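See below for the structure under consideration.
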Amino acid sequence: MSNTASSSPAMRTVTATSRIGDIRAFAGFGSLSFACLVFLYAPIVFLAAYSFNDGRSVSRWSGFSLRWYATVFGNENIQTAALNSVIIAVIAATASTLLALGAATATVHRRASGGGAAYAVLTFPLMVPEIVTAVASLVFFVAVGISLGFTTILLAHIVFCIPFAYLPIKARLEGLDPSLPAAAADLYASPAKAFARITLPLLVPGLLSGWLLAFIISLDDFIITALVAGPGATTLPLHIYGMLRLGMTPEVNAISTLMLGASTVLVLVSAMIGRVGQKH
(Lines give C-alpha, C1' and ligand atoms only; values in the text may rest on other atoms or scores of the structure.)
Protein backbone atom coordinates (compact mmCIF):
# COMPACT_ATOMS: atom_id res chain seq x y z
CA MET A 1 0.00 0.00 0.00
CA SER A 2 2.83 2.37 0.90
CA ASN A 3 4.65 1.55 -2.32
CA THR A 4 1.57 2.49 -4.34
CA ALA A 5 1.13 5.73 -2.47
CA SER A 6 4.77 6.69 -2.86
CA SER A 7 4.86 5.92 -6.55
CA SER A 8 1.72 7.87 -7.42
CA PRO A 9 3.27 11.38 -7.17
CA ALA A 10 6.21 10.28 -9.31
CA MET A 11 3.91 8.81 -11.91
CA ARG A 12 1.89 12.01 -11.98
CA THR A 13 5.08 14.04 -12.38
CA VAL A 14 6.20 11.92 -15.35
CA THR A 15 2.77 12.19 -16.93
CA ALA A 16 2.69 15.96 -16.48
CA THR A 17 6.22 16.31 -17.86
CA SER A 18 5.38 14.21 -20.90
CA ARG A 19 2.41 16.47 -21.64
CA ILE A 20 4.38 19.73 -21.48
CA GLY A 21 5.22 19.55 -25.18
CA ASP A 22 1.71 18.37 -26.13
CA ILE A 23 -0.31 21.31 -27.45
CA ARG A 24 -3.52 19.47 -26.55
CA ALA A 25 -2.65 20.00 -22.88
CA PHE A 26 -3.21 23.76 -23.15
CA ALA A 27 -6.56 25.11 -21.98
CA GLY A 28 -8.96 26.02 -24.75
CA PHE A 29 -7.24 23.94 -27.44
CA GLY A 30 -10.34 21.82 -28.06
CA SER A 31 -12.63 24.85 -28.38
CA LEU A 32 -10.19 26.59 -30.71
CA SER A 33 -9.90 23.49 -32.89
CA PHE A 34 -13.67 23.15 -33.09
CA ALA A 35 -14.02 26.83 -34.03
CA CYS A 36 -11.44 26.45 -36.79
CA LEU A 37 -13.22 23.39 -38.18
CA VAL A 38 -16.55 25.22 -38.16
CA PHE A 39 -15.00 28.25 -39.88
CA LEU A 40 -13.45 25.97 -42.50
CA TYR A 41 -16.35 23.64 -43.28
CA ALA A 42 -19.47 25.68 -42.51
CA PRO A 43 -19.29 27.68 -45.78
CA ILE A 44 -18.88 24.43 -47.75
CA VAL A 45 -21.89 22.87 -46.03
CA PHE A 46 -23.88 26.07 -46.61
CA LEU A 47 -22.95 26.10 -50.31
CA ALA A 48 -23.87 22.44 -50.80
CA ALA A 49 -27.18 22.83 -48.95
CA TYR A 50 -28.30 25.84 -50.98
CA SER A 51 -27.46 24.09 -54.24
CA PHE A 52 -30.72 22.18 -53.56
CA ASN A 53 -32.71 25.36 -52.96
CA ASP A 54 -35.79 25.72 -55.15
CA GLY A 55 -35.56 29.51 -55.37
CA ARG A 56 -32.89 31.74 -56.90
CA SER A 57 -31.86 33.21 -53.57
CA VAL A 58 -28.61 31.95 -52.07
CA SER A 59 -29.55 33.06 -48.56
CA ARG A 60 -33.26 32.26 -48.22
CA TRP A 61 -34.52 28.67 -48.31
CA SER A 62 -37.53 28.11 -50.58
CA GLY A 63 -37.76 24.33 -50.57
CA PHE A 64 -35.84 21.29 -51.76
CA SER A 65 -35.32 20.93 -55.50
CA LEU A 66 -32.90 19.48 -58.08
CA ARG A 67 -33.72 22.13 -60.68
CA TRP A 68 -30.28 23.73 -60.58
CA TYR A 69 -28.54 20.43 -61.18
CA ALA A 70 -30.81 19.87 -64.17
CA THR A 71 -29.90 23.36 -65.38
CA VAL A 72 -26.19 22.60 -65.02
CA PHE A 73 -26.40 19.34 -66.95
CA GLY A 74 -28.43 21.06 -69.67
CA ASN A 75 -26.03 24.00 -70.13
CA GLU A 76 -23.84 23.47 -73.21
CA ASN A 77 -21.24 26.04 -72.11
CA ILE A 78 -20.78 24.25 -68.79
CA GLN A 79 -20.54 20.91 -70.57
CA THR A 80 -17.85 22.26 -72.93
CA ALA A 81 -15.86 23.76 -70.06
CA ALA A 82 -16.15 20.55 -68.04
CA LEU A 83 -15.02 18.47 -71.03
CA ASN A 84 -12.00 20.74 -71.52
CA SER A 85 -11.11 20.37 -67.84
CA VAL A 86 -11.38 16.59 -67.93
CA ILE A 87 -9.34 16.26 -71.13
CA ILE A 88 -6.59 18.53 -69.81
CA ALA A 89 -6.61 16.79 -66.42
CA VAL A 90 -6.36 13.30 -67.94
CA ILE A 91 -3.50 14.21 -70.28
CA ALA A 92 -1.66 16.28 -67.66
CA ALA A 93 -2.03 13.59 -64.99
CA THR A 94 -0.82 10.85 -67.34
CA ALA A 95 2.16 12.81 -68.63
CA SER A 96 3.18 14.09 -65.17
CA THR A 97 2.90 10.59 -63.69
CA LEU A 98 5.18 9.12 -66.38
CA LEU A 99 7.70 11.92 -65.84
CA ALA A 100 7.45 11.49 -62.07
CA LEU A 101 8.04 7.74 -62.45
CA GLY A 102 11.28 8.41 -64.31
CA ALA A 103 12.32 11.03 -61.76
CA ALA A 104 11.56 8.77 -58.80
CA THR A 105 13.42 5.85 -60.37
CA ALA A 106 16.44 8.06 -61.02
CA THR A 107 16.58 9.69 -57.57
CA VAL A 108 15.67 6.94 -55.11
CA HIS A 109 18.74 5.19 -53.63
CA ARG A 110 21.04 7.74 -55.33
CA ARG A 111 21.16 10.54 -52.79
CA ALA A 112 24.94 10.31 -52.56
CA SER A 113 25.24 11.23 -56.25
CA GLY A 114 22.92 14.23 -56.22
CA GLY A 115 19.60 12.57 -55.42
CA GLY A 116 18.96 14.99 -52.57
CA ALA A 117 19.42 18.02 -54.82
CA ALA A 118 17.16 16.45 -57.45
CA TYR A 119 14.50 15.84 -54.78
CA ALA A 120 14.69 19.49 -53.71
CA VAL A 121 14.34 20.69 -57.30
CA LEU A 122 11.38 18.39 -57.98
CA THR A 123 9.47 19.40 -54.86
CA PHE A 124 10.37 23.11 -54.96
CA PRO A 125 7.18 24.05 -56.90
CA LEU A 126 5.16 22.91 -53.87
CA MET A 127 6.73 25.70 -51.81
CA VAL A 128 6.51 28.43 -54.44
CA PRO A 129 3.30 30.54 -54.42
CA GLU A 130 1.09 29.41 -57.28
CA ILE A 131 0.75 32.96 -58.61
CA VAL A 132 4.53 33.06 -59.05
CA THR A 133 4.43 29.85 -61.06
CA ALA A 134 1.56 31.23 -63.13
CA VAL A 135 3.35 34.51 -63.93
CA ALA A 136 6.60 32.69 -64.73
CA SER A 137 4.75 30.32 -67.07
CA LEU A 138 3.04 33.22 -68.81
CA VAL A 139 6.33 35.10 -69.28
CA PHE A 140 7.99 31.95 -70.62
CA PHE A 141 5.26 31.22 -73.17
CA VAL A 142 5.27 34.81 -74.39
CA ALA A 143 9.08 34.86 -74.61
CA VAL A 144 9.29 31.69 -76.72
CA GLY A 145 6.37 32.73 -78.90
CA ILE A 146 3.81 30.07 -77.94
CA SER A 147 0.24 31.27 -78.44
CA LEU A 148 -1.90 31.09 -75.32
CA GLY A 149 -4.58 28.44 -75.45
CA PHE A 150 -5.20 24.74 -74.85
CA THR A 151 -1.55 23.81 -75.38
CA THR A 152 -0.17 26.32 -72.87
CA ILE A 153 -2.67 25.20 -70.22
CA LEU A 154 -1.68 21.59 -70.81
CA LEU A 155 2.06 22.28 -70.61
CA ALA A 156 1.70 24.39 -67.46
CA HIS A 157 -0.45 21.73 -65.77
CA ILE A 158 1.97 18.93 -66.63
CA VAL A 159 4.88 20.78 -65.05
CA PHE A 160 2.88 21.87 -62.01
CA CYS A 161 1.49 18.37 -61.36
CA ILE A 162 4.83 16.52 -61.45
CA PRO A 163 5.62 17.01 -57.72
CA PHE A 164 2.17 15.78 -56.69
CA ALA A 165 2.63 12.59 -58.70
CA TYR A 166 6.30 12.24 -57.70
CA LEU A 167 5.84 12.06 -53.92
CA PRO A 168 3.52 8.98 -53.77
CA ILE A 169 5.63 7.15 -56.36
CA LYS A 170 8.82 7.95 -54.50
CA ALA A 171 7.34 6.81 -51.20
CA ARG A 172 6.21 3.53 -52.73
CA LEU A 173 9.56 2.97 -54.44
CA GLU A 174 11.46 3.57 -51.20
CA GLY A 175 9.28 0.96 -49.51
CA LEU A 176 10.31 -1.80 -51.91
CA ASP A 177 13.02 -4.30 -51.07
CA PRO A 178 16.26 -2.95 -52.64
CA SER A 179 17.50 -6.51 -53.15
CA LEU A 180 14.82 -7.32 -55.73
CA PRO A 181 16.84 -6.09 -58.76
CA ALA A 182 19.85 -8.11 -57.61
CA ALA A 183 17.67 -11.19 -57.17
CA ALA A 184 16.27 -10.70 -60.66
CA ALA A 185 19.78 -10.31 -62.05
CA ASP A 186 20.77 -13.62 -60.43
CA LEU A 187 17.96 -15.19 -62.46
CA TYR A 188 19.47 -13.70 -65.65
CA ALA A 189 16.87 -10.96 -66.03
CA SER A 190 18.02 -7.76 -67.70
CA PRO A 191 17.51 -4.46 -65.82
CA ALA A 192 14.69 -3.52 -68.20
CA LYS A 193 12.94 -6.87 -67.77
CA ALA A 194 13.39 -6.75 -63.98
CA PHE A 195 11.83 -3.31 -63.88
CA ALA A 196 8.92 -4.32 -66.12
CA ARG A 197 8.22 -7.68 -64.45
CA ILE A 198 8.95 -6.87 -60.78
CA THR A 199 9.35 -3.19 -59.91
CA LEU A 200 6.60 -1.73 -62.08
CA PRO A 201 3.79 -4.05 -60.86
CA LEU A 202 4.77 -3.30 -57.26
CA LEU A 203 4.62 0.44 -58.04
CA VAL A 204 1.02 0.32 -59.28
CA PRO A 205 -0.52 1.63 -56.00
CA GLY A 206 1.91 4.57 -55.98
CA LEU A 207 1.30 5.24 -59.67
CA LEU A 208 -2.48 5.24 -59.25
CA SER A 209 -2.30 7.42 -56.16
CA GLY A 210 0.03 9.90 -57.88
CA TRP A 211 -2.14 9.96 -61.01
CA LEU A 212 -5.29 10.69 -59.00
CA LEU A 213 -3.61 13.50 -57.06
CA ALA A 214 -2.29 15.05 -60.28
CA PHE A 215 -5.74 14.71 -61.87
CA ILE A 216 -7.41 16.52 -58.95
CA ILE A 217 -4.84 19.33 -58.95
CA SER A 218 -5.22 19.87 -62.69
CA LEU A 219 -9.02 19.63 -62.61
CA ASP A 220 -9.39 22.21 -59.81
CA ASP A 221 -6.62 24.63 -60.80
CA PHE A 222 -7.64 28.21 -61.43
CA ILE A 223 -4.72 30.61 -60.93
CA ILE A 224 -2.30 29.08 -63.43
CA THR A 225 -5.08 28.35 -65.89
CA ALA A 226 -6.40 31.92 -65.72
CA LEU A 227 -3.02 33.38 -66.71
CA VAL A 228 -2.02 30.96 -69.47
CA ALA A 229 -5.44 30.32 -71.03
CA GLY A 230 -6.38 31.81 -74.37
CA PRO A 231 -9.58 32.24 -76.39
CA GLY A 232 -11.59 29.04 -76.68
CA ALA A 233 -9.70 27.30 -73.87
CA THR A 234 -12.13 27.79 -70.99
CA THR A 235 -12.00 25.23 -68.20
CA LEU A 236 -14.68 24.66 -65.59
CA PRO A 237 -13.01 26.77 -62.84
CA LEU A 238 -12.67 29.65 -65.33
CA HIS A 239 -16.30 29.29 -66.35
CA ILE A 240 -17.41 29.34 -62.71
CA TYR A 241 -15.39 32.52 -62.13
CA GLY A 242 -17.06 34.11 -65.16
CA MET A 243 -20.48 33.23 -63.76
CA LEU A 244 -19.58 34.70 -60.36
CA ARG A 245 -18.79 38.05 -61.96
CA LEU A 246 -22.47 38.25 -62.89
CA GLY A 247 -23.63 37.36 -59.38
CA MET A 248 -23.92 34.38 -57.07
CA THR A 249 -26.67 31.95 -58.12
CA PRO A 250 -27.74 28.45 -57.03
CA GLU A 251 -26.43 27.24 -60.39
CA VAL A 252 -22.91 28.15 -59.26
CA ASN A 253 -23.59 26.32 -55.99
CA ALA A 254 -24.60 23.21 -57.92
CA ILE A 255 -21.45 23.24 -60.09
CA SER A 256 -19.23 23.81 -57.06
CA THR A 257 -20.94 21.00 -55.14
CA LEU A 258 -20.41 18.60 -58.05
CA MET A 259 -16.71 19.53 -58.24
CA LEU A 260 -16.41 19.17 -54.46
CA GLY A 261 -18.01 15.73 -54.58
CA ALA A 262 -15.78 14.56 -57.43
CA SER A 263 -12.63 15.83 -55.70
CA THR A 264 -13.63 14.21 -52.40
CA VAL A 265 -14.24 10.84 -54.05
CA LEU A 266 -10.91 10.95 -55.88
CA VAL A 267 -9.02 11.93 -52.71
CA LEU A 268 -10.63 9.07 -50.79
CA VAL A 269 -9.82 6.61 -53.57
CA SER A 270 -6.23 7.86 -53.66
CA ALA A 271 -5.91 7.47 -49.88
CA MET A 272 -7.39 3.94 -50.01
CA ILE A 273 -5.00 2.92 -52.79
CA GLY A 274 -2.05 4.30 -50.85
CA ARG A 275 -3.14 2.45 -47.71
CA VAL A 276 -3.54 -0.82 -49.62
CA GLY A 277 -0.09 -0.32 -51.14
CA GLN A 278 1.46 0.15 -47.69
CA LYS A 279 -0.07 -3.10 -46.46
CA HIS A 280 1.40 -5.02 -49.38
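Chains: A, B, ... in order of the C-alpha coordinates. Residues: from 1 per chain. Ligands: from 1, in order shown.
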Mind dumping a table of every stretch 31-107 of chain A residue within 7 Å of stretch 226-237 of chain A, with the nearest atom pair and its distance in Å to one decimal, using only C-alpha atoms, sorted by chain and rising number, as a tab-separated table?
residue	atom	partner	partner_atom	distance
A:Ile78	CA	A:Leu236	CA	6.9
A:Ala81	CA	A:Thr235	CA	4.5
A:Ala82	CA	A:Leu236	CA	5.0
A:Asn84	CA	A:Thr235	CA	5.6
A:Ser85	CA	A:Thr235	CA	5.0
Taking N, CA, C and O atoms for each residue, export the selection above as a PDB file, in the first residue's frame.
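And here's selection11.pdb as it stands now:
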ATOM      1  N   ILE A  78     -21.344  24.963 -69.946  1.00  0.00           N
ATOM      2  CA  ILE A  78     -20.779  24.254 -68.794  1.00  0.00           C
ATOM      3  C   ILE A  78     -20.248  22.894 -69.220  1.00  0.00           C
ATOM      4  O   ILE A  78     -19.175  22.457 -68.783  1.00  0.00           O
ATOM      5  N   ALA A  81     -16.920  23.426 -71.011  1.00  0.00           N
ATOM      6  CA  ALA A  81     -15.860  23.764 -70.057  1.00  0.00           C
ATOM      7  C   ALA A  81     -15.464  22.541 -69.236  1.00  0.00           C
ATOM      8  O   ALA A  81     -14.271  22.304 -68.980  1.00  0.00           O
ATOM      9  N   ALA A  82     -16.445  21.748 -68.819  1.00  0.00           N
ATOM     10  CA  ALA A  82     -16.150  20.546 -68.038  1.00  0.00           C
ATOM     11  C   ALA A  82     -15.373  19.539 -68.877  1.00  0.00           C
ATOM     12  O   ALA A  82     -14.436  18.895 -68.380  1.00  0.00           O
ATOM     13  N   ASN A  84     -13.368  20.223 -71.404  1.00  0.00           N
ATOM     14  CA  ASN A  84     -12.001  20.744 -71.519  1.00  0.00           C
ATOM     15  C   ASN A  84     -11.197  20.439 -70.260  1.00  0.00           C
ATOM     16  O   ASN A  84     -10.023  20.031 -70.337  1.00  0.00           O
ATOM     17  N   SER A  85     -11.815  20.632 -69.095  1.00  0.00           N
ATOM     18  CA  SER A  85     -11.112  20.374 -67.836  1.00  0.00           C
ATOM     19  C   SER A  85     -10.733  18.910 -67.699  1.00  0.00           C
ATOM     20  O   SER A  85      -9.616  18.585 -67.283  1.00  0.00           O
TER      21      SER A  85
END
| message | as a PyMOL selection string, please: every residue in stretch 44-163 of chain A that a backbone DSSP assignment puts in alpha helix (DSSP H). | response | chain A and resi 44-50+67-73+76-107+115-123+130-144+150-163
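Counting only C-alpha atoms and comparing A:Ile158, A:Ile255, A:Ile217, A:Val139, the residue that lies closest to A:Phe73 is A:Ile255.
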Output as a tab-separated table one row per residue of stretch 17-104 of chain A within 12 Å of stretch 259-269 of chain A: the closest atom pair and its distance in Å to one decimal place, counting only C-alpha atoms, sorted by chain and residue number ascending.
residue	atom	partner	partner_atom	distance
A:Ile44	CA	A:Leu260	CA	8.9
A:Val45	CA	A:Leu260	CA	10.7
A:Leu47	CA	A:Leu260	CA	10.4
A:Ala48	CA	A:Leu260	CA	8.9
A:Ala82	CA	A:Met259	CA	9.9
A:Ser85	CA	A:Met259	CA	11.1
A:Val86	CA	A:Met259	CA	11.4
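Distances here use only C-alpha atoms; by that measure, the residue among A:Ile88, A:Met127, A:Ala194, A:Leu202 closest to A:Gly149 is A:Ile88.
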| query | Suppose you want the space between atom CA of A:Gly175 and atom CA of A:Leu219; what is it in Å? | reply | 29.2 Å
| query | How far is it from atom CA of A:Asp220 to atom CA of A:Ile240, in Å with one decimal? | reply |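 Result for atom CA of A:Asp220 versus atom CA of A:Ile240: 11.1 Å, one decimal.
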Do you have, as CSV, the list of residues of stretch 191-246 of chain A lying at most 12 Å from stretch 178-183 of chain A, each with its nearest atom pair and that distance in Å to one decimal, counting only C-alpha atoms and ordered by chain then number?
residue,atom,partner,partner_atom,distance
A:Pro191,CA,A:Pro181,CA,7.3
A:Ala192,CA,A:Pro181,CA,10.0
A:Lys193,CA,A:Pro181,CA,9.8
A:Ala194,CA,A:Pro181,CA,6.3
A:Phe195,CA,A:Pro181,CA,7.7
A:Ala196,CA,A:Pro181,CA,11.0
A:Arg197,CA,A:Pro181,CA,10.4
A:Ile198,CA,A:Leu180,CA,7.8
A:Thr199,CA,A:Leu180,CA,8.0
A:Leu200,CA,A:Pro181,CA,11.6
A:Leu202,CA,A:Leu180,CA,10.9
Grab the residues selected above and save them as a PDB file, in the first residue's frame with all heavy atoms.
ATOM      1  N   PRO A 191      18.090  -5.533 -66.640  1.00  0.00           N
ATOM      2  CA  PRO A 191      17.505  -4.460 -65.819  1.00  0.00           C
ATOM      3  C   PRO A 191      16.135  -4.008 -66.315  1.00  0.00           C
ATOM      4  O   PRO A 191      15.237  -3.744 -65.515  1.00  0.00           O
ATOM      5  CB  PRO A 191      18.542  -3.343 -65.922  1.00  0.00           C
ATOM      6  CG  PRO A 191      19.833  -4.044 -66.178  1.00  0.00           C
ATOM      7  CD  PRO A 191      19.475  -5.226 -67.032  1.00  0.00           C
ATOM      8  N   ALA A 192      15.982  -3.943 -67.651  1.00  0.00           N
ATOM      9  CA  ALA A 192      14.685  -3.525 -68.200  1.00  0.00           C
ATOM     10  C   ALA A 192      13.600  -4.541 -67.889  1.00  0.00           C
ATOM     11  O   ALA A 192      12.479  -4.190 -67.506  1.00  0.00           O
ATOM     12  CB  ALA A 192      14.807  -3.311 -69.705  1.00  0.00           C
ATOM     13  N   LYS A 193      13.927  -5.825 -68.039  1.00  0.00           N
ATOM     14  CA  LYS A 193      12.940  -6.867 -67.767  1.00  0.00           C
ATOM     15  C   LYS A 193      12.622  -6.935 -66.267  1.00  0.00           C
ATOM     16  O   LYS A 193      11.465  -7.149 -65.880  1.00  0.00           O
ATOM     17  CB  LYS A 193      13.442  -8.219 -68.262  1.00  0.00           C
ATOM     18  CG  LYS A 193      12.449  -9.362 -68.059  1.00  0.00           C
ATOM     19  CD  LYS A 193      12.955 -10.656 -68.670  1.00  0.00           C
ATOM     20  CE  LYS A 193      12.967 -10.562 -70.198  1.00  0.00           C
ATOM     21  NZ  LYS A 193      13.325 -11.881 -70.803  1.00  0.00           N
ATOM     22  N   ALA A 194      13.628  -6.743 -65.425  1.00  0.00           N
ATOM     23  CA  ALA A 194      13.387  -6.753 -63.981  1.00  0.00           C
ATOM     24  C   ALA A 194      12.474  -5.600 -63.572  1.00  0.00           C
ATOM     25  O   ALA A 194      11.591  -5.756 -62.723  1.00  0.00           O
ATOM     26  CB  ALA A 194      14.709  -6.680 -63.231  1.00  0.00           C
ATOM     27  N   PHE A 195      12.682  -4.457 -64.196  1.00  0.00           N
ATOM     28  CA  PHE A 195      11.831  -3.306 -63.878  1.00  0.00           C
ATOM     29  C   PHE A 195      10.401  -3.551 -64.344  1.00  0.00           C
ATOM     30  O   PHE A 195       9.445  -3.261 -63.615  1.00  0.00           O
ATOM     31  CB  PHE A 195      12.386  -2.042 -64.542  1.00  0.00           C
ATOM     32  CG  PHE A 195      11.568  -0.802 -64.269  1.00  0.00           C
ATOM     33  CD1 PHE A 195      11.721  -0.108 -63.085  1.00  0.00           C
ATOM     34  CD2 PHE A 195      10.656  -0.347 -65.204  1.00  0.00           C
ATOM     35  CE1 PHE A 195      10.969   1.028 -62.823  1.00  0.00           C
ATOM     36  CE2 PHE A 195       9.893   0.781 -64.957  1.00  0.00           C
ATOM     37  CZ  PHE A 195      10.050   1.471 -63.758  1.00  0.00           C
ATOM     38  N   ALA A 196      10.250  -4.108 -65.564  1.00  0.00           N
ATOM     39  CA  ALA A 196       8.916  -4.319 -66.121  1.00  0.00           C
ATOM     40  C   ALA A 196       8.168  -5.444 -65.418  1.00  0.00           C
ATOM     41  O   ALA A 196       6.950  -5.377 -65.235  1.00  0.00           O
ATOM     42  CB  ALA A 196       9.019  -4.612 -67.616  1.00  0.00           C
ATOM     43  N   ARG A 197       8.882  -6.504 -65.015  1.00  0.00           N
ATOM     44  CA  ARG A 197       8.223  -7.676 -64.445  1.00  0.00           C
ATOM     45  C   ARG A 197       8.083  -7.612 -62.924  1.00  0.00           C
ATOM     46  O   ARG A 197       7.173  -8.230 -62.364  1.00  0.00           O
ATOM     47  CB  ARG A 197       9.031  -8.931 -64.805  1.00  0.00           C
ATOM     48  CG  ARG A 197       9.115  -9.233 -66.287  1.00  0.00           C
ATOM     49  CD  ARG A 197       7.812  -9.831 -66.799  1.00  0.00           C
ATOM     50  NE  ARG A 197       7.917 -10.236 -68.187  1.00  0.00           N
ATOM     51  CZ  ARG A 197       8.340 -11.436 -68.581  1.00  0.00           C
ATOM     52  NH1 ARG A 197       8.724 -12.326 -67.678  1.00  0.00           N
ATOM     53  NH2 ARG A 197       8.395 -11.739 -69.872  1.00  0.00           N
ATOM     54  N   ILE A 198       8.959  -6.866 -62.250  1.00  0.00           N
ATOM     55  CA  ILE A 198       8.953  -6.873 -60.782  1.00  0.00           C
ATOM     56  C   ILE A 198       8.642  -5.488 -60.208  1.00  0.00           C
ATOM     57  O   ILE A 198       7.665  -5.310 -59.475  1.00  0.00           O
ATOM     58  CB  ILE A 198      10.308  -7.368 -60.237  1.00  0.00           C
ATOM     59  CG1 ILE A 198      10.577  -8.795 -60.737  1.00  0.00           C
ATOM     60  CG2 ILE A 198      10.326  -7.321 -58.718  1.00  0.00           C
ATOM     61  CD1 ILE A 198      11.925  -9.329 -60.363  1.00  0.00           C
ATOM     62  N   THR A 199       9.487  -4.509 -60.532  1.00  0.00           N
ATOM     63  CA  THR A 199       9.349  -3.192 -59.910  1.00  0.00           C
ATOM     64  C   THR A 199       8.060  -2.495 -60.312  1.00  0.00           C
ATOM     65  O   THR A 199       7.329  -1.974 -59.457  1.00  0.00           O
ATOM     66  CB  THR A 199      10.554  -2.307 -60.273  1.00  0.00           C
ATOM     67  OG1 THR A 199      11.764  -2.970 -59.917  1.00  0.00           O
ATOM     68  CG2 THR A 199      10.476  -0.978 -59.536  1.00  0.00           C
ATOM     69  N   LEU A 200       7.763  -2.464 -61.600  1.00  0.00           N
ATOM     70  CA  LEU A 200       6.596  -1.726 -62.081  1.00  0.00           C
ATOM     71  C   LEU A 200       5.277  -2.259 -61.506  1.00  0.00           C
ATOM     72  O   LEU A 200       4.444  -1.454 -61.057  1.00  0.00           O
ATOM     73  CB  LEU A 200       6.570  -1.735 -63.605  1.00  0.00           C
ATOM     74  CG  LEU A 200       5.561  -0.787 -64.267  1.00  0.00           C
ATOM     75  CD1 LEU A 200       5.831   0.644 -63.835  1.00  0.00           C
ATOM     76  CD2 LEU A 200       5.624  -0.914 -65.790  1.00  0.00           C
ATOM     77  N   LEU A 202       4.804  -3.672 -58.674  1.00  0.00           N
ATOM     78  CA  LEU A 202       4.767  -3.296 -57.264  1.00  0.00           C
ATOM     79  C   LEU A 202       4.536  -1.797 -57.074  1.00  0.00           C
ATOM     80  O   LEU A 202       4.116  -1.366 -55.994  1.00  0.00           O
ATOM     81  CB  LEU A 202       6.073  -3.702 -56.583  1.00  0.00           C
ATOM     82  CG  LEU A 202       6.331  -5.211 -56.480  1.00  0.00           C
ATOM     83  CD1 LEU A 202       7.719  -5.473 -55.915  1.00  0.00           C
ATOM     84  CD2 LEU A 202       5.273  -5.877 -55.609  1.00  0.00           C
TER      85      LEU A 202
END
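Atom CA of A:Thr105 is positioned 11.6 Å from atom CA of A:Ala118.
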